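Asks: To be precise about what I am sending: the file is called work37.pdb and holds PDB, C-alpha atoms.
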ATOM      1  CA  MET A   1       0.000   0.000   0.000  1.00  0.00           C
ATOM      2  CA  ALA A   2       1.311   3.447  -0.918  1.00  0.00           C
ATOM      3  CA  GLN A   3       2.100   5.735   1.963  1.00  0.00           C
ATOM      4  CA  GLN A   4       0.502   9.202   1.953  1.00  0.00           C
ATOM      5  CA  PRO A   5       3.051  11.970   1.409  1.00  0.00           C
ATOM      6  CA  LEU A   6       3.916  14.345   4.238  1.00  0.00           C
ATOM      7  CA  LEU A   7       3.457  17.798   2.715  1.00  0.00           C
ATOM      8  CA  MET A   8       4.870  20.756   4.620  1.00  0.00           C
ATOM      9  CA  LEU A   9       3.758  24.271   3.690  1.00  0.00           C
ATOM     10  CA  THR A  10       6.822  26.341   2.777  1.00  0.00           C
ATOM     11  CA  ALA A  11       5.489  29.509   1.074  1.00  0.00           C
ATOM     12  CA  VAL A  12       2.241  31.325   0.206  1.00  0.00           C
ATOM     13  CA  ASP A  13       1.134  34.181  -2.029  1.00  0.00           C
ATOM     14  CA  VAL A  14      -2.079  36.023  -2.865  1.00  0.00           C
ATOM     15  CA  ARG A  15      -2.455  37.995  -6.085  1.00  0.00           C
ATOM     16  CA  ARG A  16      -5.082  39.320  -8.439  1.00  0.00           C
ATOM     17  CA  ALA A  17      -5.477  36.792 -11.231  1.00  0.00           C
ATOM     18  CA  THR A  18      -6.523  39.614 -13.562  1.00  0.00           C
ATOM     19  CA  GLU A  19      -3.426  41.834 -13.170  1.00  0.00           C
ATOM     20  CA  THR A  20       0.311  41.219 -13.305  1.00  0.00           C
ATOM     21  CA  GLY A  21       2.587  42.619 -10.626  1.00  0.00           C
ATOM     22  CA  THR A  22       0.117  42.184  -7.760  1.00  0.00           C
ATOM     23  CA  SER A  23       1.945  39.473  -5.818  1.00  0.00           C
ATOM     24  CA  HIS A  24       1.804  39.836  -2.046  1.00  0.00           C
ATOM     25  CA  ALA A  25       4.477  37.169  -1.430  1.00  0.00           C
ATOM     26  CA  THR A  26       6.691  39.506   0.629  1.00  0.00           C
ATOM     27  CA  THR A  27       3.883  40.984   2.728  1.00  0.00           C
ATOM     28  CA  ILE A  28       1.478  38.094   3.238  1.00  0.00           C
ATOM     29  CA  ASN A  29       1.381  36.762   6.747  1.00  0.00           C
ATOM     30  CA  THR A  30      -1.265  34.013   6.535  1.00  0.00           C
ATOM     31  CA  LEU A  31      -3.857  32.789   4.099  1.00  0.00           C
ATOM     32  CA  THR A  32      -6.863  30.626   4.728  1.00  0.00           C
ATOM     33  CA  ILE A  33      -8.287  28.555   1.922  1.00  0.00           C
ATOM     34  CA  PRO A  34     -11.993  28.551   2.724  1.00  0.00           C
ATOM     35  CA  PRO A  35     -13.426  25.504   4.441  1.00  0.00           C
ATOM     36  CA  VAL A  36     -15.629  23.493   2.090  1.00  0.00           C
ATOM     37  CA  ASN A  37     -18.717  22.349   3.988  1.00  0.00           C
ATOM     38  CA  PHE A  38     -21.441  20.392   2.268  1.00  0.00           C
ATOM     39  CA  ILE A  39     -24.981  21.470   3.083  1.00  0.00           C
ATOM     40  CA  THR A  40     -26.978  19.029   5.154  1.00  0.00           C
ATOM     41  CA  SER A  41     -30.718  18.822   5.706  1.00  0.00           C
ATOM     42  CA  GLU A  42     -31.908  17.619   9.084  1.00  0.00           C
ATOM     43  CA  HIS A  43     -34.605  14.976   9.145  1.00  0.00           C
ATOM     44  CA  SER A  44     -36.108  13.837  12.432  1.00  0.00           C
ATOM     45  CA  PRO A  45     -39.056  11.575  11.657  1.00  0.00           C
ATOM     46  CA  GLY A  46     -41.800  11.461  14.287  1.00  0.00           C
ATOM     47  CA  GLY A  47     -41.875   7.665  14.145  1.00  0.00           C
ATOM     48  CA  GLY A  48     -38.092   7.244  13.833  1.00  0.00           C
ATOM     49  CA  VAL A  49     -35.391   6.473  16.358  1.00  0.00           C
ATOM     50  CA  GLY A  50     -33.135   9.408  15.636  1.00  0.00           C
ATOM     51  CA  THR A  51     -32.182  12.416  13.567  1.00  0.00           C
ATOM     52  CA  VAL A  52     -30.066  12.286  10.419  1.00  0.00           C
ATOM     53  CA  ASN A  53     -28.399  15.217   8.680  1.00  0.00           C
ATOM     54  CA  PHE A  54     -28.631  14.132   5.046  1.00  0.00           C
ATOM     55  CA  THR A  55     -25.837  15.460   2.820  1.00  0.00           C
ATOM     56  CA  GLN A  56     -26.704  17.405  -0.313  1.00  0.00           C
ATOM     57  CA  PRO A  57     -24.520  17.941  -3.408  1.00  0.00           C
ATOM     58  CA  ARG A  58     -24.305  21.653  -2.525  1.00  0.00           C
ATOM     59  CA  ILE A  59     -21.852  23.661  -0.438  1.00  0.00           C
ATOM     60  CA  GLU A  60     -22.135  26.444   2.116  1.00  0.00           C
ATOM     61  CA  ALA A  61     -20.905  29.975   1.331  1.00  0.00           C
ATOM     62  CA  LEU A  62     -17.126  30.166   0.928  1.00  0.00           C
ATOM     63  CA  GLU A  63     -15.320  32.887   2.890  1.00  0.00           C
ATOM     64  CA  PRO A  64     -11.548  32.861   2.304  1.00  0.00           C
ATOM     65  CA  THR A  65      -9.290  35.192   4.286  1.00  0.00           C
ATOM     66  CA  PHE A  66      -5.718  36.378   4.349  1.00  0.00           C
ATOM     67  CA  SER A  67      -3.544  38.556   6.520  1.00  0.00           C
ATOM     68  CA  ALA A  68      -0.728  40.795   5.279  1.00  0.00           C
ATOM     69  CA  LYS A  69       1.846  42.933   7.035  1.00  0.00           C
ATOM     70  CA  GLY A  70       1.237  46.654   6.767  1.00  0.00           C
ATOM     71  CA  ILE A  71      -1.623  48.388   5.005  1.00  0.00           C
ATOM     72  CA  ASP A  72      -2.130  47.327   1.396  1.00  0.00           C
ATOM     73  CA  PRO A  73      -3.647  50.033  -0.835  1.00  0.00           C
ATOM     74  CA  ASP A  74      -3.847  47.532  -3.726  1.00  0.00           C
ATOM     75  CA  VAL A  75      -6.274  45.322  -1.830  1.00  0.00           C
ATOM     76  CA  ILE A  76      -8.240  48.230  -0.389  1.00  0.00           C
ATOM     77  CA  ARG A  77      -8.735  49.862  -3.835  1.00  0.00           C
ATOM     78  CA  GLY A  78     -10.783  46.860  -4.924  1.00  0.00           C
ATOM     79  CA  MET A  79     -12.865  46.380  -1.803  1.00  0.00           C
ATOM     80  CA  GLY A  80     -16.495  45.605  -2.516  1.00  0.00           C
ATOM     81  CA  VAL A  81     -15.773  44.724  -6.155  1.00  0.00           C
ATOM     82  CA  VAL A  82     -15.835  41.137  -7.396  1.00  0.00           C
ATOM     83  CA  ASP A  83     -12.462  40.141  -8.814  1.00  0.00           C
ATOM     84  CA  ARG A  84     -10.553  36.943  -9.548  1.00  0.00           C
ATOM     85  CA  TRP A  85      -7.737  36.088  -7.123  1.00  0.00           C
ATOM     86  CA  THR A  86      -5.067  33.393  -6.984  1.00  0.00           C
ATOM     87  CA  PHE A  87      -4.125  31.878  -3.653  1.00  0.00           C
ATOM     88  CA  ALA A  88      -0.810  30.103  -4.268  1.00  0.00           C
ATOM     89  CA  ALA A  89       1.137  27.788  -2.015  1.00  0.00           C
ATOM     90  CA  ALA A  90       4.245  25.658  -2.184  1.00  0.00           C
ATOM     91  CA  TYR A  91       4.392  22.407  -0.242  1.00  0.00           C
ATOM     92  CA  ARG A  92       7.534  20.363   0.272  1.00  0.00           C
ATOM     93  CA  ASP A  93       7.131  16.594   0.070  1.00  0.00           C
ATOM     94  CA  LYS A  94       9.311  15.623   3.017  1.00  0.00           C
ATOM     95  CA  LYS A  95      10.088  12.163   1.637  1.00  0.00           C
ATOM     96  CA  THR A  96      11.083  13.184  -1.901  1.00  0.00           C
ATOM     97  CA  ASN A  97      12.140  16.802  -1.203  1.00  0.00           C
ATOM     98  CA  ARG A  98      10.024  17.876  -4.175  1.00  0.00           C
ATOM     99  CA  ASP A  99       8.166  21.207  -4.134  1.00  0.00           C
ATOM    100  CA  ILE A 100       4.457  20.713  -4.854  1.00  0.00           C
ATOM    101  CA  PRO A 101       2.345  23.622  -6.193  1.00  0.00           C
ATOM    102  CA  ALA A 102      -1.142  24.304  -4.842  1.00  0.00           C
ATOM    103  CA  ARG A 103      -3.536  26.846  -6.341  1.00  0.00           C
ATOM    104  CA  GLY A 104      -6.826  28.256  -5.239  1.00  0.00           C
ATOM    105  CA  ILE A 105      -8.654  30.397  -7.791  1.00  0.00           C
ATOM    106  CA  ILE A 106     -11.306  32.527  -6.127  1.00  0.00           C
ATOM    107  CA  GLU A 107     -13.837  34.879  -7.657  1.00  0.00           C
ATOM    108  CA  GLY A 108     -15.288  37.112  -5.007  1.00  0.00           C
ATOM    109  CA  ALA A 109     -15.168  40.500  -3.340  1.00  0.00           C
ATOM    110  CA  VAL A 110     -12.893  41.569  -0.508  1.00  0.00           C
ATOM    111  CA  THR A 111     -15.522  42.896   1.875  1.00  0.00           C
ATOM    112  CA  SER A 112     -13.640  43.277   5.122  1.00  0.00           C
ATOM    113  CA  TRP A 113     -10.450  45.031   6.176  1.00  0.00           C
ATOM    114  CA  GLU A 114      -9.472  44.757   9.830  1.00  0.00           C
ATOM    115  CA  PRO A 115      -6.121  46.284  10.816  1.00  0.00           C
ATOM    116  CA  ASP A 116      -4.433  44.972  13.952  1.00  0.00           C
ATOM    117  CA  GLU A 117      -3.783  47.333  16.823  1.00  0.00           C
ATOM    118  CA  SER A 118      -0.935  49.729  16.156  1.00  0.00           C
ATOM    119  CA  ASP A 119       2.411  49.222  17.851  1.00  0.00           C
ATOM    120  CA  PRO A 120       5.447  50.986  16.380  1.00  0.00           C
ATOM    121  CA  ALA A 121       7.701  48.223  17.734  1.00  0.00           C
ATOM    122  CA  GLU A 122       5.975  45.539  15.614  1.00  0.00           C
ATOM    123  CA  MET A 123       4.770  45.236  12.042  1.00  0.00           C
ATOM    124  CA  GLN A 124       1.039  45.946  11.939  1.00  0.00           C
ATOM    125  CA  ALA A 125      -1.023  43.340  10.107  1.00  0.00           C
ATOM    126  CA  SER A 126      -4.202  43.805   8.097  1.00  0.00           C
ATOM    127  CA  ASN A 127      -6.780  41.045   7.880  1.00  0.00           C
ATOM    128  CA  TYR A 128      -8.937  40.726   4.771  1.00  0.00           C
ATOM    129  CA  ALA A 129     -12.023  38.599   4.174  1.00  0.00           C
ATOM    130  CA  PHE A 130     -13.939  37.681   1.017  1.00  0.00           C
ATOM    131  CA  ASN A 131     -17.662  37.255   0.431  1.00  0.00           C
ATOM    132  CA  GLU A 132     -19.808  36.806  -2.661  1.00  0.00           C
ATOM    133  CA  VAL A 133     -17.567  33.937  -3.762  1.00  0.00           C
ATOM    134  CA  THR A 134     -19.142  32.540  -6.928  1.00  0.00           C
ATOM    135  CA  HIS A 135     -16.160  30.541  -8.188  1.00  0.00           C
ATOM    136  CA  PHE A 136     -13.562  28.479  -6.350  1.00  0.00           C
ATOM    137  CA  GLU A 137     -11.192  25.816  -7.540  1.00  0.00           C
ATOM    138  CA  PHE A 138      -8.358  24.159  -5.682  1.00  0.00           C
ATOM    139  CA  THR A 139      -5.629  22.079  -7.298  1.00  0.00           C
ATOM    140  CA  LEU A 140      -2.693  20.267  -5.756  1.00  0.00           C
ATOM    141  CA  ASP A 141       0.176  19.382  -8.084  1.00  0.00           C
ATOM    142  CA  GLY A 142      -2.157  19.964 -11.052  1.00  0.00           C
ATOM    143  CA  GLN A 143      -4.882  17.631  -9.752  1.00  0.00           C
ATOM    144  CA  GLU A 144      -8.281  19.253  -9.280  1.00  0.00           C
ATOM    145  CA  LEU A 145      -9.539  18.498  -5.770  1.00  0.00           C
ATOM    146  CA  ILE A 146     -12.494  20.912  -5.548  1.00  0.00           C
ATOM    147  CA  TYR A 147     -14.282  22.957  -8.218  1.00  0.00           C
ATOM    148  CA  PHE A 148     -17.308  25.155  -7.519  1.00  0.00           C
ATOM    149  CA  ASP A 149     -19.017  27.585  -9.850  1.00  0.00           C
ATOM    150  CA  PHE A 150     -22.314  29.143  -8.791  1.00  0.00           C
ATOM    151  CA  TRP A 151     -23.199  30.425 -12.277  1.00  0.00           C
ATOM    152  CA  GLU A 152     -22.372  27.140 -14.027  1.00  0.00           C
ATOM    153  CA  ARG A 153     -24.172  25.230 -11.231  1.00  0.00           C
ATOM    154  CA  ILE A 154     -21.261  22.816 -10.909  1.00  0.00           C
ATOM    155  CA  VAL A 155     -19.660  21.280  -7.827  1.00  0.00           C
ATOM    156  CA  ARG A 156     -16.882  18.796  -8.542  1.00  0.00           C
ATOM    157  CA  ARG A 157     -14.914  16.787  -6.027  1.00  0.00           C
ATOM    158  CA  ASP A 158     -11.842  15.070  -7.460  1.00  0.00           C
ATOM    159  CA  GLY A 159     -13.223  15.644 -10.967  1.00  0.00           C
ATOM    160  CA  VAL A 160     -16.653  14.116 -10.258  1.00  0.00           C
ATOM    161  CA  ASP A 161     -19.603  16.449 -10.968  1.00  0.00           C
ATOM    162  CA  LEU A 162     -21.827  16.027  -7.903  1.00  0.00           C
ATOM    163  CA  PHE A 163     -24.703  18.135  -9.267  1.00  0.00           C
ATOM    164  CA  ARG A 164     -24.871  16.691 -12.800  1.00  0.00           C
ATOM    165  CA  SER A 165     -27.810  14.350 -12.167  1.00  0.00           C
ATOM    166  CA  VAL A 166     -29.675  17.198 -10.413  1.00  0.00           C
ATOM    167  CA  ARG A 167     -29.220  19.470 -13.455  1.00  0.00           C
ATOM    168  CA  THR A 168     -30.426  16.578 -15.650  1.00  0.00           C
ATOM    169  CA  ALA A 169     -33.470  16.008 -13.421  1.00  0.00           C
ATOM    170  CA  LEU A 170     -34.305  19.705 -13.727  1.00  0.00           C
ATOM    171  CA  GLY A 171     -33.961  19.481 -17.501  1.00  0.00           C
ATOM    172  CA  ALA A 172     -31.041  21.887 -17.588  1.00  0.00           C
TER     173      ALA A 172
END
Can I see the file as structure tokens?
Replies:
Amino acid sequence: MAQQPLLMLTAVDVRRATETGTSHATTINTLTIPPVNFITSEHSPGGGVGTVNFTQPRIEALEPTFSAKGIDPDVIRGMGVVDRWTFAAAYRDKKTNRDIPARGIIEGAVTSWEPDESDPAEMQASNYAFNEVTHFEFTLDGQELIYFDFWERIVRRDGVDLFRSVRTALGA
């Protein structure tokens, strides 16, 4: 049986996918790929012996975040406007010493800017959050793990379209 690789995060970046020269690799502090939570519907039948949260082929709203050192006018200038962003990461496979690329493509609007408290002895950080995320895809070493597009009405997990039969049932 093949052993799962041990992947250690070594570097991250956030940049506008629509503009060159917008890398935040030297200022980014942290980035959070949004948690992907499938929607569940609770069913507690009156004559049953328990409650079940049935899983649907739909996901909850995605809300990625990142934190950067200093104040970033580039991010602030686009607040409230939907844009396409790339969350990039490099992982080191500890067994093979190979660097593995990871990419998150996110279409959404930065809707929150929260600067840390000011202290001249330390670098101030700014925390940013996204909403209105209508597109998200995450690949690891070129393999698509998650793909979501609200407008296309597609949710794929490991390349499998989870909503295809629903679209077919609706006649779409």
Asks: Which distance in Å separates CA of Phe138 (chain A) and CA of Val110 (chain A), to one decimal?
Replies: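 Spanning CA of Phe138 (chain A) to CA of Val110 (chain A) is a straight-line distance of 18.7 Å.
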Asks: Could you work out how far CA of Asp83 (chain A) lies from CA of Ile59 (chain A), giving the answer in Å with one decimal?
Replies: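 Distance reported for this atom pair: 20.7 Å.
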Asks: Please return the centre and edge lengths, in Å to one decimal, of a box with edges along x, y and z that contains all listed atoms of region 38-50 of chain A, widened by 6 Å on every side, as JSON.
Replies:
{"center_x": -31.7, "center_y": 14.0, "center_z": 9.3, "size_x": 32.4, "size_y": 27.0, "size_z": 26.1}
Asks: Here is a test: counting all atoms listed in the file, which residue of A:His43, A:Arg92, A:His24, A:His135 is nearest to Gly104 (chain A)?
Replies: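 Nearest to Gly104 (chain A): A:His135.
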Asks: Given the file shown, enumerate the residues that the PyMOL selection byres ((chain A and resi 12) around 9) captures and present them as a PyMOL selection string.
Replies: chain A and resi 9-11+13-14+24-25+28-31+87-90
Asks: If the PyMOL selection byres ((chain A and resi 36) around 8) were run on this exact file, what residues would it hold? Put them as an NGL selection string.
Replies: :A and (34-35 or 37-38 or 59-60 or 62)
Asks: Give me, as a PyMOL selection string, all polymer residues having an atom no more than 8 Å from Phe150 (chain A), counting all atoms listed in the file and skipping those fewer than 3 positions away in the same chain.
Replies: chain A and resi 134-135+153-154
Asks: How many Å separate CA of Met79 (chain A) from CA of Glu144 (chain A)?
Replies: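 So the two atoms, CA of Met79 (chain A) and CA of Glu144 (chain A), lie 28.5 Å apart.
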Asks: Measuring between only C-alpha atoms, which one of A:Glu42, A:Asp93, A:Glu107, A:Glu19 shows the shortest distance to Val133 (chain A)?
Replies: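 Closest candidate: A:Glu107.
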Asks: Point out the residue among A:Ala121, A:Met8, A:Ala102, A:Ala129 with the least atom-to-atom distance to Thr65 (chain A), counting only C-alpha atoms.
Replies: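 Under the stated criterion, the closest residue is A:Ala129.
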Asks: Using only C-alpha atoms, which residues sit within 10 Å of Asp158 (chain A) once same-chain residues fewer than 6 positions away are excluded, as JSON, numbers by chain?
Replies: {"A": [138, 139, 143, 144, 145, 146, 147]}
